[in-house]
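Read the structure below first, then the notes.
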Amino acid sequence: MKTIRFSIFFLPLAVVVITQCACVSKSVDKQTHQLIQEKDYRGAVDIYQSVIDTKPGTPQARQARLGLAKLYSEKMNQPEQGVKVYQDLLASAPDSAEAAEAHWYLGLYAFRSEDYQAAQQSFDTIINKFPMSERSHNAQLMLAKSYEEASDYEKAAEVYDNVANRHPEGKRATQALVSKARIEQEYLKDQGTAQQTYQSVVKQYGAIEGTEEAVEEAKKALQLMGATIPEPDEPDAQELATEYSRRLNYRERRRAERAAAGFTPSPARGMLTDAPDSGFGVNPEELMSPFRQTIMREGGGEGLEDTVYHDTVLKIAFLKLEFQEYRDAGALFFYAIELAKRERAQIDPYSYLRLSVCYRKVGMYQRAAEMLREAVKKDIKVFEAVIVTGDNQYLDEEYQRAIETYNSVLGLNRSKDPEIYWRLGLVYQKMGDYEKEAEFCERAIAFKTDYVDALQSLAYVLFRHLDDRHRATLFDDLAKGQGNSYESEIELGAICYKYGNYTWAKTKYQAAARLAERKKKDSMPPVEQHLLDDRIVYAKVHAAMAYYKSGMEDNAQQILDALAVEYPSHPLTSYGNGQLALLKGDTDTAITEFKASMEKDSGFHAAPIALGEYYVSQGHTDEAEALWSGFLKTNPRNRVVRQRLGILKTQLEKATTSD
């Protein structure tokens, strides 16, 4: 009885509190809006800050942070301060609805600042962590644009395809597919694939209301290509899908209204009413509705046995996957797994694998990785099955699909990563992208420095396609087991450092230094001693950098301090100080030290390369080009600087052509 009295007493109190909070929030909005209209920004800041300080952890405080961040960014011309407020919000409430807004504005800020990698991280987080928010759909389009602006056209095309898979019912799908086809045609120079994409737009959506603009654009593109314009599919199936979508939304609204009114339906046997949200945005029970009646008829109208229903959901999910209806298939695989958990039934690891595929196809890569890890954890054979699938796609010349498949298992088994990188290199070789082939062979070597297949492939592509015979010879010797030299150890150290394997980078650079020290003898001519000193200092400087990147800053400084004592006037000692300063973020000291190194000896390429790379990273490509061109005037035979300058000029030409 006491409980009842307390509940009756508490209910109006709760209503009062909620009402008061809402009134406070509206009052704050009204006050700040008025102050902003009057351009009293400091007054608005004070009100927002007061709410943040007096109501920590509440929705009102989070809304105040959003308002404050927008005020700093949009009105007060203090975007850095706005960024900080958004970051504080994410740190304090990473799973809140306001966090999605913070990620959105951080993504836009990074996009406008041309920091496309940071933009991609923000937009990708929204897609995976807040898939049901309205921001999620726009974030996916911005993610595609971020990749496009960063000239990662393959990834941009993939994300546009994800948008179409996630919203297959109409306008969004056609707009995304037309964008994908444009990239395939203009940037990837894949006329055949672009033609197929345009034709699929006309065929699948040519008779669907609301898609006329995109369909016309696809038709015009096909005419210019001299390609066949297909007849649109019969609209019945599409109209049914559209009608089904309308009915689904209506039922969801009705269900919400009835729930708000206190009506709780008794679930049919087999239904799961408390399943977590899959993120696909469709109700699995609505998808199963036509099949429930059939099952009940076959069961004599007695209701659904749990195991039968779970089995049926899996079968329908598999059929949807076969027809490439990834959104619906994913929702059903997710639902079937949740049903199996409730029934404490054994879950097929391949259900997780197929769910992972569905997540990947709609662009939710973080969730896809989680499901794939779950599948591999349940059965390691799943990992091997994915590799075999990629191999078959490679043999069938389905290269983009092979890339997608191999990428899906990277990082799941570190010992297998080098093998996967090498396979990716082979795919890019078939596609004629030799720079990518070399990159993935290097990635394989970075994590397995004695990987013979990758060493041989890298030697081949450098010799045959990239015109770098010097490096090709080094890697060929390494593949034959004949590469125990200073140059080969330095080369392996550079590759390990480049791809983040700092432990192996330290080992290789230190091995190179020891090889040079063993060769140095007091009896040899001064010229040879000087050459070996150069090698020793260069190797130790890079070993120090690898120590620093490994988090061992004291060790890095000790190496440079020792070099300063042993080689106080050596130009590479200044170069080392510059590199360490750059790693610490002290760019002024770094530039000073690099220039000091060049003044001590204008023939060393280490400092000009490092300084030029810094200029490129800051967007000062003209300064980098001038620096390297000037160096080559006095050192015309320097292969390293000439090659780097050639790469820069190629990149600038591509950017000009793209513009």
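Letters A, B, ... mark the chains of the structure tokens in the order given; residue numbers begin at 1 per chain; ligand numbers begin at 1, in order shown.
Non-sequential neighbours of Val461 in chain A (distance at most 8 Å, separation of 5 or more positions within a chain, only C-alpha atoms) are Tyr434, Glu437, Ala438, Leu466 and Ala472 of chain A.
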| query | If we count only C-alpha atoms, what is near Thr174 in chain A at a cut-off of 7 Å, once residues fewer than 6 positions away on the same chain are taken out, given as a ChimeraX atom specification? | reply | /A:201,211,214
Grab the residues selected above and save them as a PDB file, in the first residue's frame with C-alpha atoms.
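File produced: selection21.pdb:
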ATOM      1  CA  VAL A 201      19.783   3.482 -62.640  1.00  0.00           C
ATOM      2  CA  THR A 211      13.688   9.740 -59.530  1.00  0.00           C
ATOM      3  CA  ALA A 214      18.720  11.294 -61.844  1.00  0.00           C
TER       4      ALA A 214
END
| field | Close residues, Gln34 in chain A itself excluded, 12 Å, only C-alpha atoms, min 6 positions apart in chain, as JSON, numbers by chain | value | {"A": [27, 28, 40, 41, 43, 44, 47]}
Residues from the last selection, C-alpha atoms, saved as an mmCIF file, in the first residue's frame:
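Output saved as result17.cif:
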data_model
loop_
_atom_site.group_PDB
_atom_site.id
_atom_site.type_symbol
_atom_site.label_atom_id
_atom_site.label_comp_id
_atom_site.auth_asym_id
_atom_site.auth_seq_id
_atom_site.Cartn_x
_atom_site.Cartn_y
_atom_site.Cartn_z
ATOM 1 C CA SER A 27 13.734 30.124 -21.322
ATOM 2 C CA VAL A 28 17.464 29.710 -22.017
ATOM 3 C CA ASP A 40 25.538 40.573 -27.291
ATOM 4 C CA TYR A 41 27.559 37.402 -27.775
ATOM 5 C CA GLY A 43 26.015 37.756 -22.658
ATOM 6 C CA ALA A 44 24.853 34.627 -24.510
ATOM 7 C CA ILE A 47 24.083 32.145 -20.014
#
| query | Which neighbours of range 554-570 of chain A fall inside 8 Å, counting only C-alpha atoms, when residues of the same chain fewer than 4 positions from it are skipped, and could you give them as an MDAnalysis selection string? | reply | chainID A and resid 537 540:541 543:548 574 576:577 600
For the residues selected in the previous step, produce a file with C-alpha atoms as a short mmCIF file (atom, residue, chain, number, x, y, z; two decimals), in the first residue's frame.
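Result file selection29.cif:
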data_model
loop_
_atom_site.label_atom_id
_atom_site.label_comp_id
_atom_site.auth_asym_id
_atom_site.auth_seq_id
_atom_site.Cartn_x
_atom_site.Cartn_y
_atom_site.Cartn_z
CA VAL A 537 74.88 8.90 -38.00
CA LYS A 540 71.22 6.18 -35.54
CA VAL A 541 69.16 9.32 -36.17
CA ALA A 543 66.67 4.65 -34.86
CA ALA A 544 66.10 7.57 -32.46
CA MET A 545 63.02 8.61 -34.42
CA ALA A 546 61.66 5.06 -34.20
CA TYR A 547 62.30 5.06 -30.45
CA TYR A 548 60.38 8.33 -30.13
CA SER A 574 71.61 18.86 -37.05
CA GLY A 576 68.55 14.51 -36.38
CA ASN A 577 67.78 17.41 -34.04
CA LYS A 600 77.09 22.48 -43.22
#
| message | Please identify the helix (DSSP H, G or I) residues within range 86-137 of chain A (assignment by DSSP from backbone atoms) and present them as a VMD selection string. | response | chain A and resid 86 to 92 97 to 112 116 to 129 134 to 137
Would you put the residues from that selection into a file with C-alpha atoms, as an mmCIF file, in the first residue's frame?
data_model
loop_
_atom_site.group_PDB
_atom_site.id
_atom_site.type_symbol
_atom_site.label_atom_id
_atom_site.label_comp_id
_atom_site.auth_asym_id
_atom_site.auth_seq_id
_atom_site.Cartn_x
_atom_site.Cartn_y
_atom_site.Cartn_z
ATOM 1 C CA TYR A 86 32.284 20.066 -29.103
ATOM 2 C CA GLN A 87 35.189 17.878 -27.990
ATOM 3 C CA ASP A 88 34.333 18.504 -24.320
ATOM 4 C CA LEU A 89 30.760 17.413 -25.030
ATOM 5 C CA LEU A 90 31.979 14.176 -26.657
ATOM 6 C CA ALA A 91 34.290 13.480 -23.733
ATOM 7 C CA SER A 92 31.493 13.909 -21.191
ATOM 8 C CA ALA A 97 21.989 12.384 -29.047
ATOM 9 C CA GLU A 98 23.897 15.640 -28.706
ATOM 10 C CA ALA A 99 27.128 13.720 -29.410
ATOM 11 C CA ALA A 100 25.871 12.985 -32.918
ATOM 12 C CA GLU A 101 25.437 16.727 -33.464
ATOM 13 C CA ALA A 102 28.922 17.401 -32.115
ATOM 14 C CA HIS A 103 30.441 14.829 -34.482
ATOM 15 C CA TRP A 104 28.497 16.401 -37.355
ATOM 16 C CA TYR A 105 29.807 19.922 -36.748
ATOM 17 C CA LEU A 106 33.340 18.657 -36.122
ATOM 18 C CA GLY A 107 33.136 16.787 -39.416
ATOM 19 C CA LEU A 108 31.978 19.893 -41.264
ATOM 20 C CA TYR A 109 34.721 21.994 -39.655
ATOM 21 C CA ALA A 110 37.378 19.459 -40.673
ATOM 22 C CA PHE A 111 35.914 19.220 -44.201
ATOM 23 C CA ARG A 112 36.008 22.990 -44.674
ATOM 24 C CA TYR A 116 39.572 15.170 -44.879
ATOM 25 C CA GLN A 117 40.866 12.369 -42.690
ATOM 26 C CA ALA A 118 39.437 13.990 -39.552
ATOM 27 C CA ALA A 119 36.180 14.678 -41.418
ATOM 28 C CA GLN A 120 35.946 11.033 -42.438
ATOM 29 C CA GLN A 121 36.406 9.898 -38.829
ATOM 30 C CA SER A 122 33.602 12.159 -37.602
ATOM 31 C CA PHE A 123 31.136 11.208 -40.344
ATOM 32 C CA ASP A 124 31.962 7.502 -40.047
ATOM 33 C CA THR A 125 31.324 7.627 -36.291
ATOM 34 C CA ILE A 126 27.848 9.072 -36.870
ATOM 35 C CA ILE A 127 27.017 6.378 -39.436
ATOM 36 C CA ASN A 128 28.055 3.533 -37.135
ATOM 37 C CA LYS A 129 27.204 4.854 -33.698
ATOM 38 C CA GLU A 134 18.740 12.017 -39.282
ATOM 39 C CA ARG A 135 22.350 13.210 -39.329
ATOM 40 C CA SER A 136 23.463 9.690 -40.223
ATOM 41 C CA HIS A 137 22.113 9.863 -43.778
#
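Residues in contact with Phe334 in chain A at 9 Å, where only C-alpha atoms are counted and same-chain residues fewer than 5 positions away are skipped, are listed as Asp277, Ser278, Pro284, Ala329, Leu339, Ser351, Tyr352 and Leu355 of chain A.
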Write a file of the selected residues as a PDB file, in the first residue's frame, keeping N, CA and C atoms.
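Below is the file part18.pdb, written as the result:
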ATOM      1  N   ASP A 277      18.350  -2.458 -31.310  1.00  0.00           N
ATOM      2  CA  ASP A 277      18.246  -1.884 -32.648  1.00  0.00           C
ATOM      3  C   ASP A 277      19.406  -2.345 -33.516  1.00  0.00           C
ATOM      4  N   SER A 278      19.102  -2.830 -34.691  1.00  0.00           N
ATOM      5  CA  SER A 278      20.145  -3.331 -35.597  1.00  0.00           C
ATOM      6  C   SER A 278      20.875  -2.208 -36.313  1.00  0.00           C
ATOM      7  N   PRO A 284      12.230  -5.982 -38.550  1.00  0.00           N
ATOM      8  CA  PRO A 284      12.282  -7.354 -39.070  1.00  0.00           C
ATOM      9  C   PRO A 284      10.938  -8.068 -39.022  1.00  0.00           C
ATOM     10  N   ALA A 329      18.176  -7.832 -45.559  1.00  0.00           N
ATOM     11  CA  ALA A 329      18.888  -9.055 -45.164  1.00  0.00           C
ATOM     12  C   ALA A 329      19.594  -8.854 -43.833  1.00  0.00           C
ATOM     13  N   LEU A 339      17.117 -13.868 -31.770  1.00  0.00           N
ATOM     14  CA  LEU A 339      16.187 -14.960 -31.442  1.00  0.00           C
ATOM     15  C   LEU A 339      16.938 -16.173 -30.920  1.00  0.00           C
ATOM     16  N   SER A 351      26.319 -16.878 -39.838  1.00  0.00           N
ATOM     17  CA  SER A 351      25.273 -15.852 -39.726  1.00  0.00           C
ATOM     18  C   SER A 351      25.912 -14.510 -39.378  1.00  0.00           C
ATOM     19  N   TYR A 352      26.905 -14.542 -38.484  1.00  0.00           N
ATOM     20  CA  TYR A 352      27.640 -13.318 -38.161  1.00  0.00           C
ATOM     21  C   TYR A 352      28.400 -12.816 -39.387  1.00  0.00           C
ATOM     22  N   LEU A 355      25.938 -11.208 -41.703  1.00  0.00           N
ATOM     23  CA  LEU A 355      25.524  -9.923 -41.124  1.00  0.00           C
ATOM     24  C   LEU A 355      26.624  -8.884 -41.328  1.00  0.00           C
TER      25      LEU A 355
END
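For Tyr326 in chain A, the list of residues within 10 Å, based on only C-alpha atoms and with local chain neighbours fewer than 4 positions off taken out, reads Asn162, Asn165, Arg166, Pro168, Phe280, Ala317, Phe318, Lys320, Leu321, Glu322, Gly330, Ala331, Leu332, Arg354, Leu355, Val357, Cys358, Tyr359, Arg360, Lys361 and Val362 of chain A.
Going from CA of Asp601 in chain A to CA of Pro571 in chain A covers 6.2 Å.
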